Structure formats: structure tokens, C-alpha cells
file data-v1.pdb (PDB, C-alpha atoms)
MODEL        1
ATOM      1  CA  MET A 205      49.940  10.101 254.898
ATOM      2  CA  ALA A 206      53.073  12.268 254.905
ATOM      3  CA  VAL A 207      56.078  10.983 252.992
ATOM      4  CA  THR A 208      59.143  10.389 255.192
ATOM      5  CA  ILE A 209      62.863  10.827 254.539
ATOM      6  CA  LYS A 210      63.230   7.077 255.118
ATOM      7  CA  GLU A 211      60.774   6.332 252.281
ATOM      8  CA  ILE A 212      62.552   8.711 249.910
ATOM      9  CA  ALA A 213      65.914   7.132 250.800
ATOM     10  CA  ALA A 214      64.557   3.653 250.059
ATOM     11  CA  ALA A 215      63.127   4.762 246.718
ATOM     12  CA  ALA A 216      66.373   6.508 245.724
ATOM     13  CA  GLY A 217      68.666   3.749 247.007
ATOM     14  CA  VAL A 218      70.686   6.128 249.192
ATOM     15  CA  SER A 219      71.079   6.731 252.912
ATOM     16  CA  ARG A 220      68.719   8.826 255.013
ATOM     17  CA  GLY A 221      71.631  11.144 255.709
ATOM     18  CA  THR A 222      72.061  11.815 252.000
ATOM     19  CA  VAL A 223      68.371  12.604 251.604
ATOM     20  CA  ASP A 224      68.491  14.909 254.635
ATOM     21  CA  ARG A 225      71.458  16.807 253.182
ATOM     22  CA  VAL A 226      69.703  17.218 249.810
ATOM     23  CA  LEU A 227      66.394  18.389 251.270
ATOM     24  CA  HIS A 228      68.137  20.895 253.505
ATOM     25  CA  ASN A 229      70.459  22.146 250.746
ATOM     26  CA  ARG A 230      73.645  21.014 252.476
ATOM     27  CA  LYS A 231      76.865  20.386 250.568
ATOM     28  CA  ASP A 232      78.860  17.207 249.843
ATOM     29  CA  VAL A 233      76.241  15.447 247.707
ATOM     30  CA  ASN A 234      76.900  14.382 244.121
ATOM     31  CA  PRO A 235      74.854  16.746 241.886
ATOM     32  CA  ASP A 236      73.290  13.862 239.940
ATOM     33  CA  VAL A 237      72.281  12.121 243.175
ATOM     34  CA  ALA A 238      70.922  15.378 244.574
ATOM     35  CA  ARG A 239      68.802  15.938 241.474
ATOM     36  CA  GLN A 240      67.467  12.365 241.602
ATOM     37  CA  VAL A 241      66.565  12.693 245.287
ATOM     38  CA  GLN A 242      64.883  16.074 244.808
ATOM     39  CA  GLU A 243      62.832  14.781 241.863
ATOM     40  CA  LEU A 244      61.734  11.744 243.875
ATOM     41  CA  ALA A 245      60.788  13.974 246.810
ATOM     42  CA  ASP A 246      58.689  16.123 244.461
ATOM     43  CA  ARG A 247      56.990  13.113 242.894
ATOM     44  CA  MET A 248      56.246  11.540 246.268
ATOM     45  CA  GLY A 249      54.848  14.786 247.710
ATOM     46  CA  TYR A 250      57.402  15.335 250.487
ATOM     47  CA  ILE A 251      56.557  18.204 252.831
ATOM     48  CA  PRO A 252      59.167  19.555 255.294
ATOM     49  CA  ASN A 253      58.404  18.697 258.933
ATOM     50  CA  ARG A 254      58.631  22.326 259.930
ATOM     51  CA  ALA A 255      55.763  23.248 257.593
ATOM     52  CA  GLY A 256      53.219  22.841 260.379
ATOM     53  CA  LYS A 257      55.106  25.171 262.693
ATOM     54  CA  ILE A 258      55.420  27.828 260.007
ATOM     55  CA  LEU A 259      51.747  27.583 259.118
ATOM     56  CA  ALA A 260      50.751  27.789 262.751
ATOM     57  CA  ALA A 261      52.811  30.959 263.049
ATOM     58  CA  ARG A 262      51.144  32.425 259.978
ATOM     59  CA  LYS A 263      47.647  31.643 261.299
ATOM     60  CA  GLN A 264      46.109  32.125 257.880
ATOM     61  CA  GLN A 265      44.788  29.965 255.111
ATOM     62  CA  ILE A 266      46.927  29.451 252.035
ATOM     63  CA  ARG A 267      45.084  29.983 248.763
ATOM     64  CA  PHE A 268      46.666  29.282 245.405
ATOM     65  CA  GLY A 269      45.213  30.529 242.126
ATOM     66  CA  CYS A 270      45.781  28.427 239.005
ATOM     67  CA  LEU A 271      45.008  29.922 235.588
ATOM     68  CA  LEU A 272      44.458  27.703 232.550
ATOM     69  CA  PRO A 273      43.207  28.311 228.974
ATOM     70  CA  ASP A 274      41.300  25.042 229.336
ATOM     71  CA  LEU A 275      37.797  25.858 228.090
ATOM     72  CA  GLY A 276      37.302  23.770 224.974
ATOM     73  CA  ASN A 277      40.661  22.025 225.432
ATOM     74  CA  PRO A 278      40.366  18.616 227.159
ATOM     75  CA  PHE A 279      44.154  18.287 227.503
ATOM     76  CA  PHE A 280      44.039  20.392 230.656
ATOM     77  CA  GLU A 281      41.710  17.990 232.469
ATOM     78  CA  LYS A 282      44.758  16.023 233.586
ATOM     79  CA  VAL A 283      46.572  19.200 234.687
ATOM     80  CA  ILE A 284      43.518  20.036 236.808
ATOM     81  CA  ASP A 285      43.626  16.519 238.276
ATOM     82  CA  GLY A 286      47.184  17.314 239.369
ATOM     83  CA  PHE A 287      46.130  20.591 240.983
ATOM     84  CA  LYS A 288      43.399  18.758 242.873
ATOM     85  CA  ARG A 289      45.714  15.943 243.995
ATOM     86  CA  ALA A 290      48.124  18.494 245.463
ATOM     87  CA  GLU A 291      45.239  20.321 247.159
ATOM     88  CA  SER A 292      44.040  17.040 248.692
ATOM     89  CA  GLU A 293      47.486  16.173 250.027
ATOM     90  CA  LEU A 294      47.953  19.671 251.483
ATOM     91  CA  LYS A 295      44.496  20.065 253.000
ATOM     92  CA  ASP A 296      45.813  19.448 256.529
ATOM     93  CA  TYR A 297      47.944  22.557 256.057
ATOM     94  CA  GLY A 298      44.932  24.681 255.154
ATOM     95  CA  VAL A 299      45.781  24.859 251.445
ATOM     96  CA  THR A 300      43.018  25.467 248.894
ATOM     97  CA  VAL A 301      43.350  25.783 245.120
ATOM     98  CA  ASP A 302      41.148  27.982 242.923
ATOM     99  CA  ILE A 303      41.145  27.271 239.179
ATOM    100  CA  ILE A 304      40.520  30.176 236.817
ATOM    101  CA  HIS A 305      39.237  28.940 233.462
ATOM    102  CA  LEU A 306      39.873  30.824 230.220
ATOM    103  CA  ARG A 307      39.079  30.158 226.582
ATOM    104  CA  GLY A 308      41.728  30.637 223.923
ATOM    105  CA  PHE A 309      44.764  32.864 223.657
ATOM    106  CA  THR A 310      43.536  36.456 223.429
ATOM    107  CA  VAL A 311      46.158  38.632 225.117
ATOM    108  CA  GLN A 312      43.723  41.045 226.753
ATOM    109  CA  VAL A 313      41.590  38.213 228.146
ATOM    110  CA  HIS A 314      44.667  36.761 229.835
ATOM    111  CA  ILE A 315      45.799  40.173 231.099
ATOM    112  CA  ASP A 316      42.376  40.883 232.612
ATOM    113  CA  ALA A 317      42.342  37.497 234.348
ATOM    114  CA  ILE A 318      45.855  37.950 235.753
ATOM    115  CA  LYS A 319      45.024  41.443 237.011
ATOM    116  CA  LYS A 320      41.936  40.078 238.743
ATOM    117  CA  MET A 321      44.032  37.322 240.341
ATOM    118  CA  ALA A 322      46.504  39.940 241.580
ATOM    119  CA  THR A 323      43.761  41.539 243.692
ATOM    120  CA  ALA A 324      42.351  38.261 245.040
ATOM    121  CA  GLY A 325      44.877  37.822 247.840
ATOM    122  CA  TYR A 326      46.396  34.568 246.609
ATOM    123  CA  SER A 327      49.468  33.217 248.414
ATOM    124  CA  GLY A 328      50.868  32.019 245.088
ATOM    125  CA  MET A 329      49.864  31.369 241.487
ATOM    126  CA  CYS A 330      50.311  28.729 238.802
ATOM    127  CA  LEU A 331      49.930  30.300 235.367
ATOM    128  CA  THR A 332      49.579  28.822 231.899
ATOM    129  CA  THR A 333      49.572  31.865 229.673
ATOM    130  CA  LEU A 334      51.124  33.653 226.716
ATOM    131  CA  ASP A 335      54.774  34.652 226.549
ATOM    132  CA  VAL A 336      54.372  38.247 225.389
ATOM    133  CA  PRO A 337      55.775  41.481 226.897
ATOM    134  CA  GLU A 338      52.406  42.771 228.144
ATOM    135  CA  ILE A 339      51.784  39.615 230.169
ATOM    136  CA  GLN A 340      55.400  39.360 231.317
ATOM    137  CA  LYS A 341      54.955  42.845 232.793
ATOM    138  CA  GLU A 342      51.765  41.888 234.664
ATOM    139  CA  ILE A 343      53.395  38.790 236.142
ATOM    140  CA  TYR A 344      56.501  40.723 237.145
ATOM    141  CA  THR A 345      54.313  43.164 239.078
ATOM    142  CA  ILE A 346      52.899  40.204 241.027
ATOM    143  CA  THR A 347      56.237  38.528 241.706
ATOM    144  CA  HIS A 348      57.846  41.853 242.646
ATOM    145  CA  SER A 349      55.173  42.232 245.334
ATOM    146  CA  GLY A 350      56.384  38.988 246.922
ATOM    147  CA  VAL A 351      53.771  36.579 245.592
ATOM    148  CA  PRO A 352      55.416  33.509 244.000
ATOM    149  CA  VAL A 353      54.384  32.461 240.491
ATOM    150  CA  VAL A 354      55.104  29.128 238.813
ATOM    151  CA  SER A 355      54.665  28.831 235.054
ATOM    152  CA  VAL A 356      52.979  25.488 234.341
ATOM    153  CA  ASN A 357      52.925  23.616 231.023
ATOM    154  CA  THR A 358      54.429  26.505 229.047
ATOM    155  CA  ASP A 359      57.089  28.912 230.273
ATOM    156  CA  ILE A 360      57.187  32.701 230.710
ATOM    157  CA  PRO A 361      60.860  33.076 231.698
ATOM    158  CA  ASP A 362      61.144  36.878 231.563
ATOM    159  CA  SER A 363      58.494  37.448 234.220
ATOM    160  CA  GLY A 364      60.127  36.868 237.594
ATOM    161  CA  ARG A 365      58.415  33.484 238.017
ATOM    162  CA  ILE A 366      60.182  31.246 240.554
ATOM    163  CA  CYS A 367      60.349  28.229 238.227
ATOM    164  CA  TYR A 368      58.833  26.398 235.268
ATOM    165  CA  VAL A 369      57.074  23.036 235.540
ATOM    166  CA  GLY A 370      56.358  21.303 232.243
ATOM    167  CA  THR A 371      57.743  19.492 229.254
ATOM    168  CA  ASP A 372      60.860  20.238 227.217
ATOM    169  CA  TYR A 373      59.111  21.384 224.042
ATOM    170  CA  ILE A 374      62.228  21.510 221.890
ATOM    171  CA  LYS A 375      62.998  17.922 222.845
ATOM    172  CA  ALA A 376      59.384  16.968 222.076
ATOM    173  CA  GLY A 377      59.616  18.530 218.621
ATOM    174  CA  ARG A 378      62.916  16.757 217.922
ATOM    175  CA  THR A 379      61.330  13.497 219.099
ATOM    176  CA  ALA A 380      58.500  13.926 216.580
ATOM    177  CA  ALA A 381      61.075  14.446 213.836
ATOM    178  CA  GLY A 382      62.973  11.364 214.966
ATOM    179  CA  MET A 383      59.822   9.263 214.822
ATOM    180  CA  LEU A 384      59.056  10.619 211.352
ATOM    181  CA  SER A 385      62.540   9.573 210.231
ATOM    182  CA  LEU A 386      61.692   5.980 211.206
ATOM    183  CA  ILE A 387      58.555   6.077 209.068
ATOM    184  CA  SER A 388      59.874   7.744 205.932
ATOM    185  CA  LYS A 389      63.159   9.056 204.563
ATOM    186  CA  GLU A 390      61.506  10.703 201.568
ATOM    187  CA  ARG A 391      61.230  14.450 201.142
ATOM    188  CA  GLN A 392      58.328  15.741 203.229
ATOM    189  CA  LYS A 393      55.779  18.378 202.266
ATOM    190  CA  ILE A 394      54.558  19.476 205.685
ATOM    191  CA  LEU A 395      51.516  21.314 207.008
ATOM    192  CA  ILE A 396      52.099  22.696 210.517
ATOM    193  CA  VAL A 397      48.970  23.235 212.626
ATOM    194  CA  SER A 398      50.005  25.252 215.680
ATOM    195  CA  GLY A 399      47.944  26.168 218.720
ATOM    196  CA  SER A 400      49.038  29.771 219.113
ATOM    197  CA  PHE A 401      52.013  31.710 217.809
ATOM    198  CA  GLN A 402      52.125  33.477 221.195
ATOM    199  CA  ILE A 403      52.575  30.343 223.300
ATOM    200  CA  ARG A 404      56.254  29.745 223.937
ATOM    201  CA  GLY A 405      55.897  25.970 224.092
ATOM    202  CA  HIS A 406      54.151  25.753 220.711
ATOM    203  CA  ASN A 407      56.885  27.802 219.049
ATOM    204  CA  GLU A 408      59.586  25.683 220.706
ATOM    205  CA  ARG A 409      57.996  22.468 219.427
ATOM    206  CA  ILE A 410      58.151  23.819 215.881
ATOM    207  CA  LYS A 411      61.771  24.881 216.375
ATOM    208  CA  GLY A 412      62.686  21.462 217.772
ATOM    209  CA  PHE A 413      60.859  19.711 214.937
ATOM    210  CA  LYS A 414      62.765  21.601 212.256
ATOM    211  CA  THR A 415      66.058  21.011 214.063
ATOM    212  CA  GLY A 416      65.266  17.313 214.287
ATOM    213  CA  LEU A 417      64.447  17.066 210.585
ATOM    214  CA  GLU A 418      67.807  18.594 209.750
ATOM    215  CA  GLU A 419      69.630  16.302 212.194
ATOM    216  CA  HIS A 420      68.022  13.251 210.591
ATOM    217  CA  LYS A 421      68.773  14.645 207.122
ATOM    218  CA  ILE A 422      65.132  14.638 206.072
ATOM    219  CA  ALA A 423      64.543  17.056 203.206
ATOM    220  CA  TYR A 424      61.356  19.029 203.737
ATOM    221  CA  ASP A 425      59.236  21.964 202.645
ATOM    222  CA  ILE A 426      56.774  23.729 204.919
ATOM    223  CA  VAL A 427      53.651  24.125 202.764
ATOM    224  CA  ASP A 428      51.845  26.251 205.365
ATOM    225  CA  THR A 429      51.826  27.067 209.091
ATOM    226  CA  VAL A 430      48.486  27.972 210.659
ATOM    227  CA  GLU A 431      46.988  28.681 214.094
ATOM    228  CA  ALA A 432      44.054  26.503 215.174
ATOM    229  CA  PHE A 433      43.964  27.805 218.776
ATOM    230  CA  ASP A 434      43.736  24.255 220.182
ATOM    231  CA  ASP A 435      40.244  24.004 218.714
ATOM    232  CA  ASN A 436      39.163  20.875 216.850
ATOM    233  CA  GLU A 437      36.698  22.632 214.556
ATOM    234  CA  ASP A 438      39.243  25.273 213.558
ATOM    235  CA  SER A 439      41.819  22.538 213.025
ATOM    236  CA  TYR A 440      39.390  20.517 210.903
ATOM    237  CA  LYS A 441      38.387  23.432 208.655
ATOM    238  CA  LEU A 442      41.931  24.752 208.198
ATOM    239  CA  THR A 443      43.383  21.317 207.517
ATOM    240  CA  ARG A 444      40.611  20.357 205.098
ATOM    241  CA  ASP A 445      40.879  23.580 203.087
ATOM    242  CA  ILE A 446      44.662  23.365 202.832
ATOM    243  CA  LEU A 447      44.638  19.685 201.874
ATOM    244  CA  ILE A 448      42.157  20.423 199.086
ATOM    245  CA  SER A 449      44.462  23.132 197.766
ATOM    246  CA  HIS A 450      47.692  21.187 198.237
ATOM    247  CA  SER A 451      47.641  17.599 197.041
ATOM    248  CA  GLU A 452      51.395  17.379 197.592
ATOM    249  CA  ILE A 453      51.198  17.377 201.424
ATOM    250  CA  THR A 454      52.724  14.214 202.893
ATOM    251  CA  SER A 455      52.629  14.932 206.630
ATOM    252  CA  ILE A 456      50.842  17.109 209.177
ATOM    253  CA  PHE A 457      52.606  18.285 212.333
ATOM    254  CA  VAL A 458      49.901  19.167 214.863
ATOM    255  CA  VAL A 459      51.806  21.166 217.444
ATOM    256  CA  ALA A 460      49.260  21.150 220.278
ATOM    257  CA  GLY A 461      45.473  20.669 220.437
ATOM    258  CA  GLY A 462      43.365  20.028 217.349
ATOM    259  CA  VAL A 463      44.659  16.562 216.449
ATOM    260  CA  PRO A 464      41.152  15.003 216.197
ATOM    261  CA  GLY A 465      40.073  17.790 213.842
ATOM    262  CA  ALA A 466      43.060  17.303 211.555
ATOM    263  CA  TYR A 467      42.532  13.541 211.594
ATOM    264  CA  ARG A 468      38.870  13.954 210.629
ATOM    265  CA  ALA A 469      39.844  16.096 207.634
ATOM    266  CA  VAL A 470      42.370  13.487 206.457
ATOM    267  CA  LYS A 471      39.794  10.693 206.775
ATOM    268  CA  GLU A 472      37.056  12.597 204.946
ATOM    269  CA  LEU A 473      39.363  13.382 202.044
ATOM    270  CA  GLN A 474      40.693   9.812 202.035
ATOM    271  CA  ARG A 475      44.286  11.055 202.202
ATOM    272  CA  ASN A 476      45.282   7.963 204.156
ATOM    273  CA  THR A 477      48.966   8.097 203.221
ATOM    274  CA  ILE A 478      49.457  11.369 205.119
ATOM    275  CA  ILE A 479      51.503  10.980 208.289
ATOM    276  CA  ILE A 480      49.982  12.781 211.287
ATOM    277  CA  LEU A 481      52.407  13.751 214.066
ATOM    278  CA  ALA A 482      50.518  14.184 217.332
ATOM    279  CA  PHE A 483      50.987  15.024 221.000
ATOM    280  CA  ASP A 484      49.174  13.972 224.188
ATOM    281  CA  GLU A 485      46.869  11.110 225.076
ATOM    282  CA  LEU A 486      43.306  12.304 224.570
ATOM    283  CA  PRO A 487      40.654   9.608 223.999
ATOM    284  CA  GLU A 488      40.182  10.664 220.359
ATOM    285  CA  ILE A 489      43.911  10.353 219.730
ATOM    286  CA  LYS A 490      44.008   6.909 221.334
ATOM    287  CA  GLN A 491      41.107   5.857 219.116
ATOM    288  CA  ALA A 492      42.875   7.154 215.993
ATOM    289  CA  ILE A 493      45.968   5.164 216.944
ATOM    290  CA  LYS A 494      43.865   2.025 217.406
ATOM    291  CA  GLU A 495      42.363   2.625 213.964
ATOM    292  CA  GLY A 496      45.830   2.953 212.459
ATOM    293  CA  GLY A 497      45.245   6.508 211.249
ATOM    294  CA  ILE A 498      47.905   7.877 213.607
ATOM    295  CA  GLY A 499      51.014   5.835 214.323
ATOM    296  CA  PHE A 500      52.037   7.355 217.660
ATOM    297  CA  THR A 501      51.622  10.278 220.026
ATOM    298  CA  ILE A 502      54.046  11.991 222.403
ATOM    299  CA  GLY A 503      52.951  12.494 226.000
ATOM    300  CA  GLN A 504      54.174  14.967 228.625
ATOM    301  CA  GLU A 505      52.769  13.880 232.046
ATOM    302  CA  PRO A 506      50.160  16.662 232.425
ATOM    303  CA  GLU A 507      48.842  15.444 235.788
ATOM    304  CA  LEU A 508      52.341  15.644 237.245
ATOM    305  CA  GLN A 509      52.710  19.176 235.867
ATOM    306  CA  GLY A 510      49.691  20.407 237.808
ATOM    307  CA  TYR A 511      50.676  18.537 240.962
ATOM    308  CA  THR A 512      54.286  19.683 240.964
ATOM    309  CA  GLY A 513      53.331  23.282 240.186
ATOM    310  CA  VAL A 514      51.266  23.571 243.370
ATOM    311  CA  MET A 515      53.861  21.670 245.409
ATOM    312  CA  ARG A 516      56.590  24.051 244.249
ATOM    313  CA  LEU A 517      54.523  27.023 245.418
ATOM    314  CA  PHE A 518      53.974  25.401 248.807
ATOM    315  CA  SER A 519      57.661  24.533 249.229
ATOM    316  CA  TRP A 520      58.640  28.097 248.329
ATOM    317  CA  LEU A 521      56.335  29.437 251.043
ATOM    318  CA  MET A 522      57.679  26.950 253.597
ATOM    319  CA  GLU A 523      61.224  27.983 252.772
ATOM    320  CA  GLU A 524      60.084  31.615 252.885
ATOM    321  CA  GLY A 525      61.696  32.142 249.495
ATOM    322  CA  LYS A 526      65.190  31.530 250.876
ATOM    323  CA  ASN A 527      66.107  28.804 248.389
ATOM    324  CA  GLN A 528      65.965  28.914 244.613
ATOM    325  CA  SER A 529      63.231  26.749 243.117
ATOM    326  CA  HIS A 530      64.543  24.844 240.106
ATOM    327  CA  ASP A 531      62.605  24.020 236.942
ATOM    328  CA  TYR A 532      60.910  20.626 236.853
ATOM    329  CA  ILE A 533      60.883  19.019 233.406
ATOM    330  CA  THR A 534      58.428  16.187 232.857
ATOM    331  CA  GLN A 535      59.179  13.179 230.688
ATOM    332  CA  THR A 536      58.741  13.062 226.914
ATOM    333  CA  ILE A 537      56.973   9.733 226.399
ATOM    334  CA  ILE A 538      56.322   8.035 223.046
ATOM    335  CA  LYS A 539      53.002   6.189 223.021
ATOM    336  CA  ILE A 540      51.940   3.610 220.447
ATOM    337  CA  ALA A 541      48.985   1.226 220.411
ATOM    338  CA  ASP A 542      50.948  -1.424 222.300
ATOM    339  CA  ASN A 543      51.871   0.674 225.347
ATOM    340  CA  MET A 544      48.817   2.886 225.837
TER     341      MET A 544
ENDMDL
END
call {"tool": "encode", "arguments": {"input": "data-v1.pdb", "output": "C-alpha cells"}}
result
Amino acid sequence: MAVTIKEIAAAAGVSRGTVDRVLHNRKDVNPDVARQVQELADRMGYIPNRAGKILAARKQQIRFGCLLPDLGNPFFEKVIDGFKRAESELKDYGVTVDIIHLRGFTVQVHIDAIKKMATAGYSGMCLTTLDVPEIQKEIYTITHSGVPVVSVNTDIPDSGRICYVGTDYIKAGRTAAGMLSLISKERQKILIVSGSFQIRGHNERIKGFKTGLEEHKIAYDIVDTVEAFDDNEDSYKLTRDILISHSEITSIFVVAGGVPGAYRAVKELQRNTIIILAFDELPEIKQAIKEGGIGFTIGQEPELQGYTGVMRLFSWLMEEGKNQSHDYITQTIIKIADNM
């Protein structure tokens, strides 16, 4: 059932007139109120009433292509759930969503997939990909042709994309540092296990983590920084080998995927005093928290990322690109055993 302005007004605690002014980009609304109303409208799946008329005039199906490096990475299952929820809610408007599945972070693999998408006739695209010049160029070619692109989960700002939908990675990294400061004030010898050095979000988490350590006045040394490509086996082998060589390590910052692999290495080597800093709410991470091997994890609302990404594409088409689409930042949520 379509969400109404009346329902949004009730949820936001404002008048229907205020909601109408926000949704139609009229003036005289407090910026904070306008942002709250727009975020609620996005979350509730509001679709402008004139969408049907525009679609009828177009007389063509809307197809969105969504690219994810999800093969072997269960994190993206929730993002896909969000894509599918948006597709279900927009089915009466003739919207379908194709998901293009990739494995890993090889630049040429991503370029080939994006080029193939560019020839598929999509009305818009959600992309989770690498932030490198070669890929920025491919995306710019698509956006310059008039096809809207939303970067989902990790940003590619220098590409012409209409907006970013995902977490604030710097904030997430600082949050991990803040949680570490509550556990220990001693000097930390840290192993950083990243996903990919070419994913903007992974690099921003590391940057935020280091900034947070300095803000909390935690002395630290980075023993090593490695790429595990969001793969548990790679994470396990790398972590195990480094821990064997470096008995001084006190904490492991797992930037993205690969937390279960790192945890397995710590358990096998009986290095139970090591603090593991983790992200996301995969079943293996929840189990590790229940076992007490990991104290907490930091979530990022992946289902909402997928959902909002598709909804932003649809809204852009309904507005015919006349209004700027703003970034949508999901919440950084600390999860412990008691609130999972």
C-alpha cells in the first residue's frame, strides 16, 4: 500500500502542509525538519502521486541494474534483501531489478561488468565497486549519457553518480576506536585486516580508526596491514601467520569481511587476550559474541542501503533529474550480546 503524506506527517510530528512543502522542494521549512521528513519519506517508501502519470507517458518498463561484489561475501545478502524489497514495492510501476554478482575486487572484472551493464539498457544503476580512476571514468560515461547511478555501500564520488547511500565509514572507524578505549587504555600493537585497499569505505574506516585512537589518546603501533579481500580463508591464513610471527599483537582491527577467519586463527592459537574489532552482524560474528571471543560489532543497516539505493533511482526518474538527490547515510549501530 502506498505511503501517504498524512502518514509521513504523523510519523514526523509535523503538519501535512510541512511534509508537502518538503517533498515538493518548497521554501520556508526548517532545514533540520526538512531533513527529518525526507529521511522518513525514504524509509517509509513514499512515491510521488504523479509517478503513475509519468510512467504512463513513458510507456516502458523501468529496469535497474545493481552490481555487487557479493560472491563469497554473505554481508551483501541483506543489501540484496533491500533491493528486492524496493522492487516489490515498485512492481505496480513496472520496476524490475537485476542483480549482477561479482567475486572480489579485481579492477578489470569490475570494469568489464560495468561496461556490459552500460549496453543493457538499464534505466538506472546501483553500484558497489572500487574507487579508482579507471572505474570512475566508466561510470562517468554512463552518467554523462543520462543514466543515473547511485553508489551503494561504498562511495565513488568522482564519477558523476547522483548520490551515495551507505554508512559513514570514518565515523564507524572512530566508533571502533572509542569502543577499544573503553576496553583498554594500554598501548596497542595492532594488526589491521582490510578488505581491499581500492575500496574507499575500507580505507576510510582505517583513517577513522587511527583518528579515533589519537582522539582517545591511545598509544598504538600498527604491526601490519593486509588485504584479505573479504574472504574468511584468506583472513584466517594471514591472521594466523602474522600472529605466529608477532607475539606482541594485542588487537586486530578487521575492517570489513573476514572476521570469522580472524577469530578462528585467534582461537586456534589460544591468543584469547587479543581484542577483535569487528563490523556487521553475520551469524558467525553473533556466535563469536555469544562465546565471548568478540565483545561487540558495529552494524550499518545493509538492508536499508539496498532499499534506499533503488528508491533514490526511482525518485530521480520521477523528478526527471530536476532535483538534486542527496546522500543517505545509514546509522552506525553498536551491537553487543544483550541487544542483538
call {"tool": "closest_atom_pairs", "arguments": {"input": "data-v1.pdb", "of": "stretch 379-481 of chain A", "to": "stretch 362-375 of chain A", "cutoff": "7 Å", "atoms": "all atoms listed in the file", "output": "Markdown table"}}
result
| residue | atom | partner | partner_atom | distance |
| --- | --- | --- | --- | --- |
| A:Thr379 | CA | A:Lys375 | CA | 6.0 |
| A:Gly405 | CA | A:Tyr373 | CA | 5.6 |
| A:Glu408 | CA | A:Ile374 | CA | 5.1 |
| A:Arg409 | CA | A:Tyr373 | CA | 4.9 |
| A:Lys411 | CA | A:Ile374 | CA | 6.5 |
| A:Gly412 | CA | A:Ile374 | CA | 4.1 |
call {"tool": "residues_near_point", "arguments": {"input": "data-v1.pdb", "point": "(69.7, 20.4, 253.9)", "cutoff": "12 Å", "atoms": "only C-alpha atoms", "output": "ChimeraX atom specification"}}
result
/A:209,220-233,238,241-242,252,523,527
call {"tool": "residues_around", "arguments": {"input": "data-v1.pdb", "residues": "A:Glu342", "least_positions_apart": "5", "cutoff": "12 Å", "atoms": "only C-alpha atoms", "output": "ChimeraX atom specification"}}
result
/A:311-312,314-322,331,333-337,347-349,353,360,362-365
call {"tool": "residues_around", "arguments": {"input": "data-v1.pdb", "residues": "A:Ser398", "least_positions_apart": "4", "cutoff": "9 Å", "atoms": "all atoms listed in the file", "output": "ChimeraX atom specification"}}
result
/A:406-407,410,429-434,457-462
call {"tool": "residues_around", "arguments": {"input": "data-v1.pdb", "residues": "A:Ile478", "least_positions_apart": "4", "cutoff": "8 Å", "atoms": "all atoms listed in the file", "output": "list of chain:residue names"}}
result
A:Ile453, A:Thr454, A:Ser455, A:Ile456, A:Val470
call {"tool": "residues_around", "arguments": {"input": "data-v1.pdb", "residues": "A:Phe279", "least_positions_apart": "5", "cutoff": "9 Å", "atoms": "only C-alpha atoms", "output": "JSON, numbers by chain"}}
result
{"A": [274, 461, 484, 485, 486, 506]}
call {"tool": "build_atoms", "arguments": {"input": "data-v1.pdb", "residues": "stretch 506-511 of chain A", "atoms": "all heavy atoms", "output": "PDB file, in the coordinates of the input"}}
result
ATOM      1  N   PRO A 506      50.871  15.449 232.007  1.00  0.00           N
ATOM      2  CA  PRO A 506      50.160  16.662 232.425  1.00  0.00           C
ATOM      3  C   PRO A 506      49.699  16.650 233.879  1.00  0.00           C
ATOM      4  O   PRO A 506      49.712  17.704 234.541  1.00  0.00           O
ATOM      5  CB  PRO A 506      48.973  16.727 231.465  1.00  0.00           C
ATOM      6  CG  PRO A 506      48.798  15.323 230.970  1.00  0.00           C
ATOM      7  CD  PRO A 506      50.171  14.748 230.916  1.00  0.00           C
ATOM      8  N   GLU A 507      49.292  15.484 234.398  1.00  0.00           N
ATOM      9  CA  GLU A 507      48.842  15.444 235.788  1.00  0.00           C
ATOM     10  C   GLU A 507      49.978  15.812 236.729  1.00  0.00           C
ATOM     11  O   GLU A 507      49.789  16.549 237.700  1.00  0.00           O
ATOM     12  CB  GLU A 507      48.305  14.040 236.108  1.00  0.00           C
ATOM     13  CG  GLU A 507      47.490  13.957 237.400  1.00  0.00           C
ATOM     14  CD  GLU A 507      48.332  13.657 238.624  1.00  0.00           C
ATOM     15  OE1 GLU A 507      49.531  13.329 238.474  1.00  0.00           O
ATOM     16  OE2 GLU A 507      47.804  13.756 239.756  1.00  0.00           O
ATOM     17  N   LEU A 508      51.176  15.324 236.424  1.00  0.00           N
ATOM     18  CA  LEU A 508      52.341  15.644 237.245  1.00  0.00           C
ATOM     19  C   LEU A 508      52.696  17.124 237.151  1.00  0.00           C
ATOM     20  O   LEU A 508      53.189  17.715 238.118  1.00  0.00           O
ATOM     21  CB  LEU A 508      53.524  14.779 236.807  1.00  0.00           C
ATOM     22  CG  LEU A 508      54.804  14.906 237.635  1.00  0.00           C
ATOM     23  CD1 LEU A 508      54.563  14.531 239.086  1.00  0.00           C
ATOM     24  CD2 LEU A 508      55.920  14.046 237.035  1.00  0.00           C
ATOM     25  N   GLN A 509      52.440  17.742 236.008  1.00  0.00           N
ATOM     26  CA  GLN A 509      52.710  19.176 235.867  1.00  0.00           C
ATOM     27  C   GLN A 509      51.857  19.982 236.850  1.00  0.00           C
ATOM     28  O   GLN A 509      52.363  20.866 237.553  1.00  0.00           O
ATOM     29  CB  GLN A 509      52.427  19.622 234.433  1.00  0.00           C
ATOM     30  CG  GLN A 509      53.386  19.049 233.406  1.00  0.00           C
ATOM     31  CD  GLN A 509      53.055  19.472 231.987  1.00  0.00           C
ATOM     32  OE1 GLN A 509      52.295  20.411 231.765  1.00  0.00           O
ATOM     33  NE2 GLN A 509      53.613  18.773 231.012  1.00  0.00           N
ATOM     34  N   GLY A 510      50.557  19.684 236.887  1.00  0.00           N
ATOM     35  CA  GLY A 510      49.691  20.407 237.808  1.00  0.00           C
ATOM     36  C   GLY A 510      50.075  20.163 239.252  1.00  0.00           C
ATOM     37  O   GLY A 510      50.156  21.095 240.069  1.00  0.00           O
ATOM     38  N   TYR A 511      50.325  18.912 239.594  1.00  0.00           N
ATOM     39  CA  TYR A 511      50.676  18.537 240.962  1.00  0.00           C
ATOM     40  C   TYR A 511      51.958  19.231 241.407  1.00  0.00           C
ATOM     41  O   TYR A 511      52.017  19.850 242.484  1.00  0.00           O
ATOM     42  CB  TYR A 511      50.829  17.018 241.032  1.00  0.00           C
ATOM     43  CG  TYR A 511      51.338  16.503 242.358  1.00  0.00           C
ATOM     44  CD1 TYR A 511      50.477  16.334 243.437  1.00  0.00           C
ATOM     45  CD2 TYR A 511      52.686  16.164 242.520  1.00  0.00           C
ATOM     46  CE1 TYR A 511      50.948  15.843 244.655  1.00  0.00           C
ATOM     47  CE2 TYR A 511      53.159  15.682 243.726  1.00  0.00           C
ATOM     48  CZ  TYR A 511      52.282  15.523 244.789  1.00  0.00           C
ATOM     49  OH  TYR A 511      52.760  15.048 245.988  1.00  0.00           O
TER      50      TYR A 511
END
